file start.cif (mmCIF, C-alpha atoms and all ligand atoms)
data_structure
#
loop_
_atom_site.group_PDB
_atom_site.id
_atom_site.type_symbol
_atom_site.label_atom_id
_atom_site.label_comp_id
_atom_site.auth_asym_id
_atom_site.auth_seq_id
_atom_site.Cartn_x
_atom_site.Cartn_y
_atom_site.Cartn_z
ATOM 1 C CA MET H 1010 -81.473 -12.528 103.523
ATOM 2 C CA PRO H 1011 -82.968 -16.030 103.329
ATOM 3 C CA LEU H 1012 -81.581 -18.451 105.889
ATOM 4 C CA ASP H 1013 -79.057 -21.002 104.612
ATOM 5 C CA LEU H 1014 -79.308 -24.080 106.840
ATOM 6 C CA ASP H 1015 -75.981 -25.419 105.526
ATOM 7 C CA GLY H 1016 -74.275 -22.266 106.839
ATOM 8 C CA LEU H 1017 -75.154 -23.021 110.486
ATOM 9 C CA ARG H 1018 -72.548 -24.440 112.818
ATOM 10 C CA SER H 1019 -74.276 -27.748 113.580
ATOM 11 C CA LEU H 1020 -73.616 -30.610 115.929
ATOM 12 C CA ASP H 1021 -74.199 -33.812 113.938
ATOM 13 C CA LEU H 1022 -76.001 -36.427 116.040
ATOM 14 C CA THR H 1023 -76.753 -38.640 113.019
ATOM 15 C CA PRO H 1024 -74.042 -41.180 113.954
ATOM 16 C CA ARG H 1025 -76.092 -41.951 117.079
ATOM 17 C CA LEU H 1026 -79.043 -43.187 115.035
ATOM 18 C CA GLY H 1027 -77.539 -46.579 114.208
ATOM 19 C CA GLU H 1028 -79.307 -48.174 117.151
ATOM 20 C CA GLY H 1029 -82.489 -46.068 116.867
ATOM 21 C CA GLY H 1030 -82.989 -43.291 119.370
ATOM 22 C CA ARG H 1031 -85.516 -41.254 121.272
ATOM 23 C CA PHE H 1032 -85.299 -37.483 121.323
ATOM 24 C CA VAL H 1033 -87.532 -34.868 122.874
ATOM 25 C CA VAL H 1034 -87.251 -31.281 121.690
ATOM 26 C CA MET H 1035 -88.446 -28.494 123.964
ATOM 27 C CA SER H 1036 -87.863 -24.796 123.442
ATOM 28 C CA ASP H 1037 -88.259 -21.385 125.045
ATOM 29 C CA CYS H 1038 -88.260 -22.014 128.787
ATOM 30 C CA HIS H 1039 -87.122 -18.429 129.482
ATOM 31 C CA ARG H 1040 -86.105 -19.508 132.997
ATOM 32 C CA GLY H 1041 -85.818 -16.385 135.139
ATOM 33 C CA ASP H 1042 -85.419 -15.138 138.686
ATOM 34 C CA GLY H 1043 -88.799 -16.168 140.106
ATOM 35 C CA SER H 1044 -90.175 -12.607 140.050
ATOM 36 C CA GLY H 1045 -93.416 -11.603 138.285
ATOM 37 C CA GLY H 1046 -91.443 -11.386 135.009
ATOM 38 C CA ASP H 1047 -90.422 -15.074 135.201
ATOM 39 C CA GLU H 1048 -92.967 -16.732 132.908
ATOM 40 C CA PHE H 1049 -91.393 -20.155 133.377
ATOM 41 C CA ALA H 1050 -91.914 -20.221 137.167
ATOM 42 C CA ARG H 1051 -95.640 -21.100 136.937
ATOM 43 C CA ASN H 1052 -94.821 -24.123 134.757
ATOM 44 C CA SER H 1053 -91.736 -25.433 136.545
ATOM 45 C CA LEU H 1054 -93.603 -28.299 138.230
ATOM 46 C CA VAL H 1055 -95.230 -29.397 134.938
ATOM 47 C CA TYR H 1056 -91.853 -29.110 133.172
ATOM 48 C CA LYS H 1057 -90.111 -31.202 135.843
ATOM 49 C CA CYS H 1058 -92.787 -33.921 135.543
ATOM 50 C CA ALA H 1059 -92.172 -34.027 131.780
ATOM 51 C CA LEU H 1060 -88.368 -34.117 132.160
ATOM 52 C CA ALA H 1061 -88.577 -36.875 134.806
ATOM 53 C CA HIS H 1062 -90.659 -38.964 132.373
ATOM 54 C CA TYR H 1063 -88.169 -38.474 129.512
ATOM 55 C CA LEU H 1064 -85.208 -39.226 131.796
ATOM 56 C CA GLU H 1065 -86.808 -42.503 132.863
ATOM 57 C CA ALA H 1066 -87.905 -43.435 129.311
ATOM 58 C CA GLY H 1067 -84.371 -43.083 127.869
ATOM 59 C CA PHE H 1068 -84.904 -39.923 125.797
ATOM 60 C CA THR H 1069 -82.167 -37.473 124.851
ATOM 61 C CA TYR H 1070 -83.332 -33.944 125.679
ATOM 62 C CA VAL H 1071 -82.691 -31.282 123.029
ATOM 63 C CA GLU H 1072 -83.118 -27.838 124.589
ATOM 64 C CA LEU H 1073 -83.803 -25.612 121.602
ATOM 65 C CA GLY H 1074 -82.805 -22.155 122.848
ATOM 66 C CA ASP H 1075 -84.083 -19.314 125.037
ATOM 67 C CA ALA H 1076 -83.718 -21.737 127.950
ATOM 68 C CA GLU H 1077 -82.272 -19.008 130.153
ATOM 69 C CA GLU H 1078 -83.783 -15.497 130.107
ATOM 70 C CA LEU H 1079 -80.504 -13.555 129.887
ATOM 71 C CA TRP H 1080 -82.065 -10.447 128.321
ATOM 72 C CA GLU H 1081 -84.022 -9.644 131.480
ATOM 73 C CA ASN H 1082 -81.567 -11.097 133.996
ATOM 74 C CA ASP H 1083 -77.896 -10.222 134.087
ATOM 75 C CA SER H 1084 -77.007 -12.910 136.597
ATOM 76 C CA PHE H 1085 -77.207 -16.627 135.800
ATOM 77 C CA ASP H 1086 -76.593 -17.196 139.537
ATOM 78 C CA GLN H 1087 -80.059 -15.847 140.335
ATOM 79 C CA ILE H 1088 -81.680 -18.103 137.692
ATOM 80 C CA TYR H 1089 -79.847 -21.102 139.142
ATOM 81 C CA ILE H 1090 -80.795 -20.198 142.724
ATOM 82 C CA THR H 1091 -84.471 -19.905 141.677
ATOM 83 C CA HIS H 1092 -84.616 -23.110 139.622
ATOM 84 C CA THR H 1093 -81.982 -25.309 141.307
ATOM 85 C CA SER H 1094 -84.191 -28.430 141.176
ATOM 86 C CA VAL H 1095 -84.586 -28.002 137.384
ATOM 87 C CA TYR H 1096 -80.785 -27.829 136.959
ATOM 88 C CA ASP H 1097 -80.389 -30.922 139.173
ATOM 89 C CA LEU H 1098 -82.741 -32.815 136.867
ATOM 90 C CA LEU H 1099 -80.989 -31.543 133.715
ATOM 91 C CA GLY H 1100 -77.709 -32.647 135.299
ATOM 92 C CA ARG H 1101 -78.976 -36.227 135.224
ATOM 93 C CA PHE H 1102 -79.227 -36.062 131.400
ATOM 94 C CA HIS H 1103 -75.717 -34.639 131.099
ATOM 95 C CA ASP H 1104 -72.540 -36.637 130.573
ATOM 96 C CA PRO H 1105 -69.120 -34.976 130.152
ATOM 97 C CA ASP H 1106 -68.550 -37.390 127.250
ATOM 98 C CA PRO H 1107 -70.132 -35.655 124.185
ATOM 99 C CA ALA H 1108 -70.831 -39.064 122.627
ATOM 100 C CA LYS H 1109 -72.917 -40.111 125.647
ATOM 101 C CA THR H 1110 -74.620 -36.971 126.910
ATOM 102 C CA ARG H 1111 -78.415 -36.890 126.789
ATOM 103 C CA TYR H 1112 -78.523 -33.092 127.334
ATOM 104 C CA ILE H 1113 -78.069 -31.311 123.990
ATOM 105 C CA LYS H 1114 -78.182 -27.529 124.285
ATOM 106 C CA VAL H 1115 -78.827 -25.048 121.455
ATOM 107 C CA PHE H 1116 -78.722 -21.280 121.979
ATOM 108 C CA GLY H 1117 -81.486 -18.831 121.065
ATOM 109 C CA ASN H 1118 -81.517 -15.039 121.058
ATOM 110 C CA HIS H 1119 -82.284 -14.666 124.775
ATOM 111 C CA ASP H 1120 -79.405 -16.962 125.752
ATOM 112 C CA GLU H 1121 -76.978 -16.198 122.909
ATOM 113 C CA ASP H 1122 -74.398 -15.284 125.609
ATOM 114 C CA TRP H 1123 -73.668 -19.029 125.821
ATOM 115 C CA ARG H 1124 -72.396 -18.942 122.230
ATOM 116 C CA GLU H 1125 -69.382 -16.831 123.283
ATOM 117 C CA ASP H 1126 -68.944 -18.089 126.826
ATOM 118 C CA PRO H 1127 -70.661 -21.193 128.205
ATOM 119 C CA GLY H 1128 -68.329 -20.905 131.244
ATOM 120 C CA PRO H 1129 -70.974 -20.430 133.971
ATOM 121 C CA LEU H 1130 -72.905 -23.457 132.661
ATOM 122 C CA ARG H 1131 -69.791 -25.627 132.800
ATOM 123 C CA ASP H 1132 -69.743 -25.375 136.597
ATOM 124 C CA LEU H 1133 -73.028 -27.300 136.535
ATOM 125 C CA PHE H 1134 -72.512 -29.380 133.365
ATOM 126 C CA PRO H 1135 -68.793 -30.126 132.968
ATOM 127 C CA GLY H 1136 -67.584 -29.774 129.381
ATOM 128 C CA ILE H 1137 -70.990 -28.791 127.970
ATOM 129 C CA GLU H 1138 -71.094 -27.222 124.487
ATOM 130 C CA VAL H 1139 -73.894 -24.903 123.347
ATOM 131 C CA HIS H 1140 -74.656 -25.269 119.653
ATOM 132 C CA GLU H 1141 -76.194 -23.131 116.932
ATOM 133 C CA ALA H 1142 -78.025 -26.114 115.423
ATOM 134 C CA VAL H 1143 -78.229 -29.896 115.554
ATOM 135 C CA THR H 1144 -78.409 -32.310 112.622
ATOM 136 C CA LEU H 1145 -80.292 -35.534 113.255
ATOM 137 C CA GLY H 1146 -80.829 -37.767 110.201
ATOM 138 C CA PRO H 1147 -83.164 -35.770 107.909
ATOM 139 C CA PHE H 1148 -83.737 -33.093 110.578
ATOM 140 C CA VAL H 1149 -82.114 -29.752 111.332
ATOM 141 C CA LEU H 1150 -82.994 -28.435 114.785
ATOM 142 C CA LEU H 1151 -82.434 -24.731 115.491
ATOM 143 C CA HIS H 1152 -83.961 -22.013 117.632
ATOM 144 C CA GLY H 1153 -85.234 -19.992 114.645
ATOM 145 C CA HIS H 1154 -84.385 -16.369 115.599
ATOM 146 C CA GLN H 1155 -81.996 -16.474 112.633
ATOM 147 C CA CYS H 1156 -85.143 -15.751 110.535
ATOM 148 C CA ASP H 1157 -86.291 -12.837 112.713
ATOM 149 C CA PRO H 1158 -84.628 -9.474 111.900
ATOM 150 C CA ALA H 1159 -85.647 -8.035 115.314
ATOM 151 C CA CYS H 1160 -83.693 -10.800 117.034
ATOM 152 C CA THR H 1161 -80.395 -11.035 115.122
ATOM 153 C CA GLY H 1162 -77.477 -8.583 114.769
ATOM 154 C CA LEU H 1163 -78.237 -4.910 115.474
ATOM 155 C CA GLY H 1164 -81.965 -5.685 115.856
ATOM 156 C CA ALA H 1165 -81.141 -8.078 118.702
ATOM 157 C CA ARG H 1166 -78.981 -5.481 120.466
ATOM 158 C CA ILE H 1167 -81.787 -2.899 120.349
ATOM 159 C CA SER H 1168 -84.422 -5.452 121.438
ATOM 160 C CA ARG H 1169 -82.225 -6.638 124.270
ATOM 161 C CA TYR H 1170 -81.681 -3.068 125.493
ATOM 162 C CA LEU H 1171 -85.445 -2.372 125.503
ATOM 163 C CA VAL H 1172 -86.257 -5.627 127.255
ATOM 164 C CA ARG H 1173 -83.524 -5.209 129.884
ATOM 165 C CA HIS H 1174 -84.219 -1.560 130.711
ATOM 166 C CA LEU H 1175 -87.897 -1.081 130.023
ATOM 167 C CA TRP H 1176 -90.029 -4.179 129.617
ATOM 168 C CA SER H 1177 -88.634 -6.299 132.438
ATOM 169 C CA GLY H 1178 -90.001 -3.617 134.816
ATOM 170 C CA LEU H 1179 -93.375 -3.331 133.063
ATOM 171 C CA GLN H 1180 -93.727 -7.109 132.814
ATOM 172 C CA ARG H 1181 -93.916 -7.291 136.599
ATOM 173 C CA PHE H 1182 -97.213 -5.426 136.233
ATOM 174 C CA GLY H 1183 -98.445 -7.827 133.554
ATOM 175 C CA ILE H 1184 -97.460 -5.870 130.416
ATOM 176 C CA GLY H 1185 -95.984 -8.143 127.736
ATOM 177 C CA ASP H 1186 -92.715 -7.596 125.888
ATOM 178 C CA PRO H 1187 -93.594 -6.287 122.370
ATOM 179 C CA THR H 1188 -90.354 -7.477 120.738
ATOM 180 C CA ARG H 1189 -91.465 -11.083 120.992
ATOM 181 C CA ALA H 1190 -92.978 -12.820 117.999
ATOM 182 C CA ALA H 1191 -94.865 -14.787 120.645
ATOM 183 C CA GLU H 1192 -97.214 -11.860 121.220
ATOM 184 C CA ASN H 1193 -97.732 -11.060 117.546
ATOM 185 C CA PRO H 1194 -99.467 -13.607 115.243
ATOM 186 C CA GLY H 1195 -98.497 -11.715 112.049
ATOM 187 C CA ARG H 1196 -94.776 -11.847 112.886
ATOM 188 C CA CYS H 1197 -95.211 -15.454 113.924
ATOM 189 C CA ASP H 1198 -96.614 -16.240 110.431
ATOM 190 C CA GLU H 1199 -93.643 -14.498 108.766
ATOM 191 C CA ILE H 1200 -91.068 -16.403 110.816
ATOM 192 C CA ASP H 1201 -92.891 -19.703 110.182
ATOM 193 C CA ALA H 1202 -92.912 -18.927 106.436
ATOM 194 C CA ALA H 1203 -89.160 -18.138 106.449
ATOM 195 C CA LEU H 1204 -88.319 -21.364 108.307
ATOM 196 C CA HIS H 1205 -90.599 -23.352 105.999
ATOM 197 C CA GLY H 1206 -88.837 -21.757 103.003
ATOM 198 C CA ALA H 1207 -85.407 -22.656 104.393
ATOM 199 C CA ALA H 1208 -86.564 -26.260 104.844
ATOM 200 C CA ARG H 1209 -87.893 -26.472 101.254
ATOM 201 C CA ARG H 1210 -84.668 -25.039 99.781
ATOM 202 C CA SER H 1211 -82.405 -27.390 101.718
ATOM 203 C CA GLY H 1212 -84.433 -30.591 101.429
ATOM 204 C CA LYS H 1213 -84.164 -30.973 105.221
ATOM 205 C CA ILE H 1214 -86.917 -31.148 107.827
ATOM 206 C CA VAL H 1215 -86.740 -28.154 110.175
ATOM 207 C CA VAL H 1216 -87.709 -28.249 113.843
ATOM 208 C CA ALA H 1217 -87.532 -24.830 115.521
ATOM 209 C CA GLY H 1218 -88.867 -22.790 118.441
ATOM 210 C CA HIS H 1219 -88.720 -19.001 119.019
ATOM 211 C CA THR H 1220 -92.324 -18.129 118.056
ATOM 212 C CA HIS H 1221 -93.774 -19.990 121.091
ATOM 213 C CA ARG H 1222 -96.487 -21.356 118.760
ATOM 214 C CA PRO H 1223 -96.522 -25.093 118.014
ATOM 215 C CA VAL H 1224 -96.512 -26.005 114.319
ATOM 216 C CA PHE H 1225 -96.958 -29.552 113.069
ATOM 217 C CA ALA H 1226 -96.266 -30.410 109.411
ATOM 218 C CA ASN H 1227 -96.370 -26.679 108.549
ATOM 219 C CA LEU H 1228 -99.784 -26.175 110.216
ATOM 220 C CA SER H 1229 -100.429 -24.345 113.463
ATOM 221 C CA LEU H 1230 -103.225 -25.892 115.517
ATOM 222 C CA THR H 1231 -105.685 -23.213 114.349
ATOM 223 C CA GLU H 1232 -104.630 -23.653 110.693
ATOM 224 C CA ARG H 1233 -105.205 -27.400 111.023
ATOM 225 C CA ARG H 1234 -108.555 -26.760 112.677
ATOM 226 C CA PHE H 1235 -109.588 -24.609 109.715
ATOM 227 C CA LEU H 1236 -108.714 -27.439 107.303
ATOM 228 C CA GLU H 1237 -110.717 -29.923 109.348
ATOM 229 C CA THR H 1238 -113.783 -27.835 110.195
ATOM 230 C CA GLY H 1239 -113.772 -24.853 107.809
ATOM 231 C CA ARG H 1240 -113.950 -22.525 110.813
ATOM 232 C CA ALA H 1241 -111.454 -19.741 111.529
ATOM 233 C CA THR H 1242 -111.285 -16.017 112.196
ATOM 234 C CA PRO H 1243 -110.216 -13.801 109.239
ATOM 235 C CA GLY H 1244 -106.538 -13.473 110.283
ATOM 236 C CA ILE H 1245 -105.884 -17.234 110.222
ATOM 237 C CA ARG H 1246 -103.903 -18.331 107.163
ATOM 238 C CA ARG H 1247 -105.672 -20.677 104.770
ATOM 239 C CA LYS H 1248 -103.216 -23.430 103.829
ATOM 240 C CA GLU H 1249 -103.911 -26.233 101.410
ATOM 241 C CA GLY H 1250 -102.692 -29.066 103.553
ATOM 242 C CA ALA H 1251 -100.040 -30.499 105.816
ATOM 243 C CA GLU H 1252 -96.422 -30.584 104.642
ATOM 244 C CA ALA H 1253 -93.999 -32.533 106.804
ATOM 245 C CA VAL H 1254 -90.979 -30.247 106.312
ATOM 246 C CA TYR H 1255 -91.476 -27.692 109.103
ATOM 247 C CA PHE H 1256 -92.296 -28.244 112.771
ATOM 248 C CA ASN H 1257 -92.222 -25.958 115.811
ATOM 249 C CA ALA H 1258 -91.995 -27.241 119.380
ATOM 250 C CA GLY H 1259 -93.882 -24.298 120.914
ATOM 251 C CA SER H 1260 -92.709 -23.266 124.368
ATOM 252 C CA CYS H 1261 -92.574 -23.947 128.088
ATOM 253 C CA VAL H 1262 -94.241 -20.624 128.944
ATOM 254 C CA HIS H 1263 -97.819 -21.278 127.804
ATOM 255 C CA PRO H 1264 -100.242 -20.116 130.532
ATOM 256 C CA ARG H 1265 -100.783 -23.599 132.002
ATOM 257 C CA SER H 1266 -98.807 -26.083 129.950
ATOM 258 C CA VAL H 1267 -95.596 -26.894 128.131
ATOM 259 C CA THR H 1268 -95.347 -28.342 124.619
ATOM 260 C CA GLY H 1269 -92.635 -30.300 122.853
ATOM 261 C CA ILE H 1270 -91.937 -32.646 119.959
ATOM 262 C CA GLU H 1271 -90.871 -36.254 120.456
ATOM 263 C CA ILE H 1272 -88.802 -37.847 117.670
ATOM 264 C CA VAL H 1273 -88.605 -41.611 118.049
ATOM 265 C CA PHE H 1274 -86.534 -43.457 115.445
ATOM 266 C CA THR H 1275 -88.015 -46.822 114.562
ATOM 267 C CA GLY H 1276 -85.322 -47.658 111.998
ATOM 268 C CA ALA H 1277 -82.256 -46.035 110.463
ATOM 269 C CA ALA H 1278 -84.387 -43.781 108.217
ATOM 270 C CA ALA H 1279 -87.835 -44.002 109.792
ATOM 271 C CA CYS H 1280 -89.208 -42.163 112.761
ATOM 272 C CA ARG H 1281 -92.390 -41.074 114.476
ATOM 273 C CA LEU H 1282 -92.934 -37.432 115.390
ATOM 274 C CA THR H 1283 -95.429 -36.521 118.115
ATOM 275 C CA LEU H 1284 -96.445 -33.055 119.258
ATOM 276 C CA VAL H 1285 -97.185 -33.377 122.964
ATOM 277 C CA LYS H 1286 -98.658 -31.135 125.612
ATOM 278 C CA TRP H 1287 -97.928 -31.589 129.314
ATOM 279 C CA GLY H 1288 -100.265 -29.957 131.790
ATOM 280 C CA PRO H 1289 -102.413 -30.389 134.876
ATOM 281 C CA VAL H 1290 -105.578 -32.477 134.482
ATOM 282 C CA ALA H 1291 -108.336 -32.794 137.099
ATOM 283 C CA GLY H 1292 -109.623 -36.282 137.964
ATOM 284 C CA ALA H 1293 -107.069 -38.056 135.768
ATOM 285 C CA GLU H 1294 -106.744 -41.814 135.865
ATOM 286 C CA VAL H 1295 -103.086 -42.792 136.059
ATOM 287 C CA CYS H 1296 -102.157 -46.374 135.227
ATOM 288 C CA THR H 1297 -98.868 -47.989 136.265
ATOM 289 C CA ALA H 1298 -97.653 -51.571 136.621
ATOM 290 C CA ASP H 1299 -99.469 -51.645 139.984
ATOM 291 C CA GLY H 1300 -102.860 -50.852 138.409
ATOM 292 C CA CYS H 1301 -104.925 -47.726 137.779
ATOM 293 C CA ARG H 1302 -105.815 -44.972 140.231
ATOM 294 C CA SER H 1303 -107.729 -41.721 140.017
ATOM 295 C CA TYR H 1304 -106.098 -38.556 141.300
ATOM 296 C CA PRO H 1305 -107.825 -35.199 142.034
ATOM 297 C CA LEU H 1306 -105.037 -33.472 140.081
ATOM 298 C CA ALA H 1307 -102.322 -34.990 137.900
ATOM 299 C CA VAL H 1308 -99.768 -33.780 135.338
ATOM 300 C CA ASN H 1309 -100.534 -35.577 132.071
ATOM 301 C CA ARG H 1310 -98.878 -36.079 128.694
ATOM 302 C CA THR H 1311 -101.386 -35.455 125.894
ATOM 303 C CA PRO H 1312 -100.394 -36.255 122.281
ATOM 304 C CA LEU H 1313 -101.846 -33.541 120.011
ATOM 305 C CA GLU H 1314 -100.539 -34.619 116.588
ATOM 306 C CA GLU H 1315 -98.557 -37.574 115.267
ATOM 307 C CA ILE H 1316 -96.902 -38.480 111.969
ATOM 308 C CA GLN H 1317 -94.693 -41.252 110.628
ATOM 309 C CA ILE H 1318 -91.708 -40.117 108.549
ATOM 310 C CA GLY H 1319 -89.726 -42.497 106.369
ATOM 311 C CA ASP H 1320 -92.662 -44.845 105.812
ATOM 312 C CA PRO H 1321 -95.632 -43.635 103.714
ATOM 313 C CA ALA H 1322 -96.032 -40.220 105.347
ATOM 314 C CA THR H 1323 -99.679 -39.669 106.156
ATOM 315 C CA PRO H 1324 -100.424 -36.953 108.648
ATOM 316 C CA SER H 1325 -102.966 -38.216 111.134
ATOM 317 C CA ARG H 1326 -104.223 -37.699 114.632
ATOM 318 C CA PRO H 1327 -103.217 -40.259 117.268
ATOM 319 C CA GLY H 1328 -105.717 -43.095 117.564
ATOM 320 C CA ASN H 1329 -107.293 -42.152 114.242
ATOM 321 C CA GLN H 1330 -105.254 -44.265 111.777
HETATM 322 MN MN MN U 1401 -86.312 -16.696 120.823
#
call {"tool": "encode", "arguments": {"input": "start.cif", "output": "structure tokens"}}
result
Amino acid sequence: MPLDLDGLRSLDLTPRLGEGGRFVVMSDCHRGDGSGGDEFARNSLVYKCALAHYLEAGFTYVELGDAEELWENDSFDQIYITHTSVYDLLGRFHDPDPAKTRYIKVFGNHDEDWREDPGPLRDLFPGIEVHEAVTLGPFVLLHGHQCDPACTGLGARISRYLVRHLWSGLQRFGIGDPTRAAENPGRCDEIDAALHGAARRSGKIVVAGHTHRPVFANLSLTERRFLETGRATPGIRRKEGAEAVYFNAGSCVHPRSVTGIEIVFTGAAACRLTLVKWGPVAGAEVCTADGCRSYPLAVNRTPLEEIQIGDPATPSRPGNQ
């Protein structure tokens, strides 16, 4: 059944936009127990560098689901013990006052347990709520598994059983979990199409996660590359152009980087969206108020795509206007 965005139980953050606002959306951390199956562990340093930047720069952090890997791990304690420094940093975004908190948490399929009982989280983040979706001006932010039959209802229960009892063991030997759209471009295309359809029907702009593949203005990076260069392998969808109604933040479990989407409001109804990648860069020059310095290895923020919404909406690459 097609997804009805108006049927989601949403937190409405729109009242916060009066004075502008900076939001960063990151999805699919899949934080685990530090074993070979914990795909987040290799990126935790990069992720913490990104979070520290957003904390300092006054952003509100929207965590868009599958933050905790509760399909593979039955104990949140072990996830917390493994990634304590991450939870300390997240704690600095949190405020028990829902009107002030800068840590907005949405559940996905792998951490849907929080929907029924966010109790264990509340020991770390007093009073925290975990939402199905967030409304922010023209945007609806949701995890996106609602459009994936393998990850909702009975499908989710079967997938969870397989992941818990079979794949978490195999993953330690490097075998991926086949229930994830992340490992299947065809399923990824279907979920993107369903989320894009939901956005068109509702007149809202959708920002989701779940597929682990960044999408900007309805184009994945390879689809955009095809439009720009005419080059692609046969399985890549041929789209006619960008359409600023559907975006996907990607994930924090890419092999060497994390991706996210920054939404910076420049007026009550105008904002700038940027798809960013954070990752290690060799020989990077880092400039601060004290001048510029070269480092053998640095964690850098790289803008990949940027668009202005509210003003004449022209998709463009940063520095190319
Ligand atoms: Mn998911």
call {"tool": "closest_atom_pairs", "arguments": {"input": "start.cif", "of": "range 1274-1296 of chain H", "to": "range 1024-1046 of chain H", "cutoff": "12 Å", "atoms": "all atoms listed in the file", "output": "Markdown table"}}
result
| residue | atom | partner | partner_atom | distance |
| --- | --- | --- | --- | --- |
| H:Phe1274 | CA | H:Gly1029 | CA | 5.0 |
| H:Thr1275 | CA | H:Gly1029 | CA | 6.0 |
| H:Gly1276 | CA | H:Gly1029 | CA | 5.9 |
| H:Ala1277 | CA | H:Gly1027 | CA | 6.0 |
| H:Ala1278 | CA | H:Leu1026 | CA | 8.7 |
| H:Ala1279 | CA | H:Gly1029 | CA | 9.1 |
| H:Cys1280 | CA | H:Gly1029 | CA | 8.8 |
| H:Arg1281 | CA | H:Arg1031 | CA | 9.7 |
| H:Leu1282 | CA | H:Val1033 | CA | 9.6 |
| H:Thr1283 | CA | H:Val1033 | CA | 9.4 |
| H:Leu1284 | CA | H:Val1034 | CA | 9.7 |
| H:Val1285 | CA | H:Val1033 | CA | 9.8 |
| H:Lys1286 | CA | H:Met1035 | CA | 10.7 |
| H:Trp1287 | CA | H:Met1035 | CA | 11.3 |
call {"tool": "residues_around", "arguments": {"input": "start.cif", "residues": "range 1151-1157 of chain H", "least_positions_apart": "2", "cutoff": "6 Å", "atoms": "only C-alpha atoms", "output": "PyMOL selection string"}}
result
chain H and resi 1073-1074+1117+1142+1159-1160+1200+1217-1219
call {"tool": "resolve_selection", "arguments": {"input": "start.cif", "expression": "the PyMOL selection byres (((chain H and resi 1268) around 12) and not hetatm)", "output": "ChimeraX atom specification"}}
result
/H:1033-1038,1052,1055-1056,1059-1060,1218,1221-1225,1257-1267,1269-1271,1283-1288,1309-1314
call {"tool": "atom_distance", "arguments": {"input": "start.cif", "atom1": "CA of Val1254 in chain H", "atom2": "CA of Pro1158 in chain H"}}
result
22.4 Å
call {"tool": "residues_around", "arguments": {"input": "start.cif", "residues": "Leu1133 in chain H", "least_positions_apart": "5", "cutoff": "12 Å", "atoms": "only C-alpha atoms", "output": "short mmCIF file (atom, residue, chain, number, x, y, z; two decimals) with C-alpha atoms, in the coordinates of the input"}}
result
data_model
loop_
_atom_site.label_atom_id
_atom_site.label_comp_id
_atom_site.auth_asym_id
_atom_site.auth_seq_id
_atom_site.Cartn_x
_atom_site.Cartn_y
_atom_site.Cartn_z
CA PHE H 1085 -77.21 -16.63 135.80
CA ASP H 1086 -76.59 -17.20 139.54
CA TYR H 1089 -79.85 -21.10 139.14
CA THR H 1093 -81.98 -25.31 141.31
CA VAL H 1095 -84.59 -28.00 137.38
CA TYR H 1096 -80.78 -27.83 136.96
CA ASP H 1097 -80.39 -30.92 139.17
CA LEU H 1098 -82.74 -32.82 136.87
CA LEU H 1099 -80.99 -31.54 133.72
CA GLY H 1100 -77.71 -32.65 135.30
CA ARG H 1101 -78.98 -36.23 135.22
CA PHE H 1102 -79.23 -36.06 131.40
CA HIS H 1103 -75.72 -34.64 131.10
CA ASP H 1104 -72.54 -36.64 130.57
CA PRO H 1105 -69.12 -34.98 130.15
CA PRO H 1127 -70.66 -21.19 128.21
CA GLY H 1128 -68.33 -20.90 131.24
#
call {"tool": "atom_distance", "arguments": {"input": "start.cif", "atom1": "CA of Val1290 in chain H", "atom2": "CA of Ala1307 in chain H"}}
result
5.3 Å
call {"tool": "atom_distance", "arguments": {"input": "start.cif", "atom1": "CA of Asp1120 in chain H", "atom2": "CA of Thr1161 in chain H"}}
result
12.2 Å
call {"tool": "residues_around", "arguments": {"input": "start.cif", "residues": "Ala1203 in chain H", "least_positions_apart": "2", "cutoff": "8 Å", "atoms": "all atoms listed in the file", "output": "count of residues only"}}
result
9
call {"tool": "residues_around", "arguments": {"input": "start.cif", "residues": "range 1208-1211 of chain H", "least_positions_apart": "5", "cutoff": "8 Å", "atoms": "only C-alpha atoms", "output": "PyMOL selection string"}}
result
chain H and resi 1013-1015+1254-1255
call {"tool": "closest_residue", "arguments": {"input": "start.cif", "among": "H:Val1295, H:Val1143, H:Leu1064, H:Leu1150", "to": "Val1216 in chain H", "atoms": "only C-alpha atoms"}}
result
H:Leu1150
call {"tool": "closest_residue", "arguments": {"input": "start.cif", "among": "H:Ser1053, H:Asn1118, H:Asn1227, H:Asn1193", "to": "ligand MN 1401 (chain U)", "atoms": "only C-alpha atoms and all ligand atoms"}}
result
H:Asn1118
call {"tool": "closest_residue", "arguments": {"input": "start.cif", "among": "H:Asn1082, H:Ser1094, H:Ser1019, H:Ser1168", "to": "ligand MN 1401 (chain U)", "atoms": "all atoms listed in the file"}}
result
H:Ser1168
call {"tool": "closest_residue", "arguments": {"input": "start.cif", "among": "H:Arg1302, H:Arg1169, H:Arg1247, H:Arg1131", "to": "ligand MN 1401 (chain U)", "atoms": "all atoms listed in the file"}}
result
H:Arg1169
call {"tool": "resolve_selection", "arguments": {"input": "start.cif", "expression": "the PyMOL selection byres (((chain H and resi 1250) around 12) and not hetatm)", "output": "number ranges by chain"}}
result
H: 1225-1229, 1232-1237, 1246-1249, 1251-1253, 1323-1325
call {"tool": "closest_residue", "arguments": {"input": "start.cif", "among": "H:Val1149, H:Ala1165, H:Ile1090, H:Met1010", "to": "ligand MN 1401 (chain U)", "atoms": "all atoms listed in the file"}}
result
H:Ala1165
call {"tool": "closest_residue", "arguments": {"input": "start.cif", "among": "H:Gly1016, H:Thr1220, H:Cys1296, H:Leu1022", "to": "ligand MN 1401 (chain U)", "atoms": "all atoms listed in the file"}}
result
H:Thr1220
call {"tool": "axis_aligned_box", "arguments": {"input": "start.cif", "around": "range 1105-1111 of chain H", "padding_each_side": "5 Å", "output": "AutoDock Vina command-line options"}}
result
--center_x -73.5 --center_y -37.5 --center_z 126.4 --size_x 19.9 --size_y 15.1 --size_z 17.5
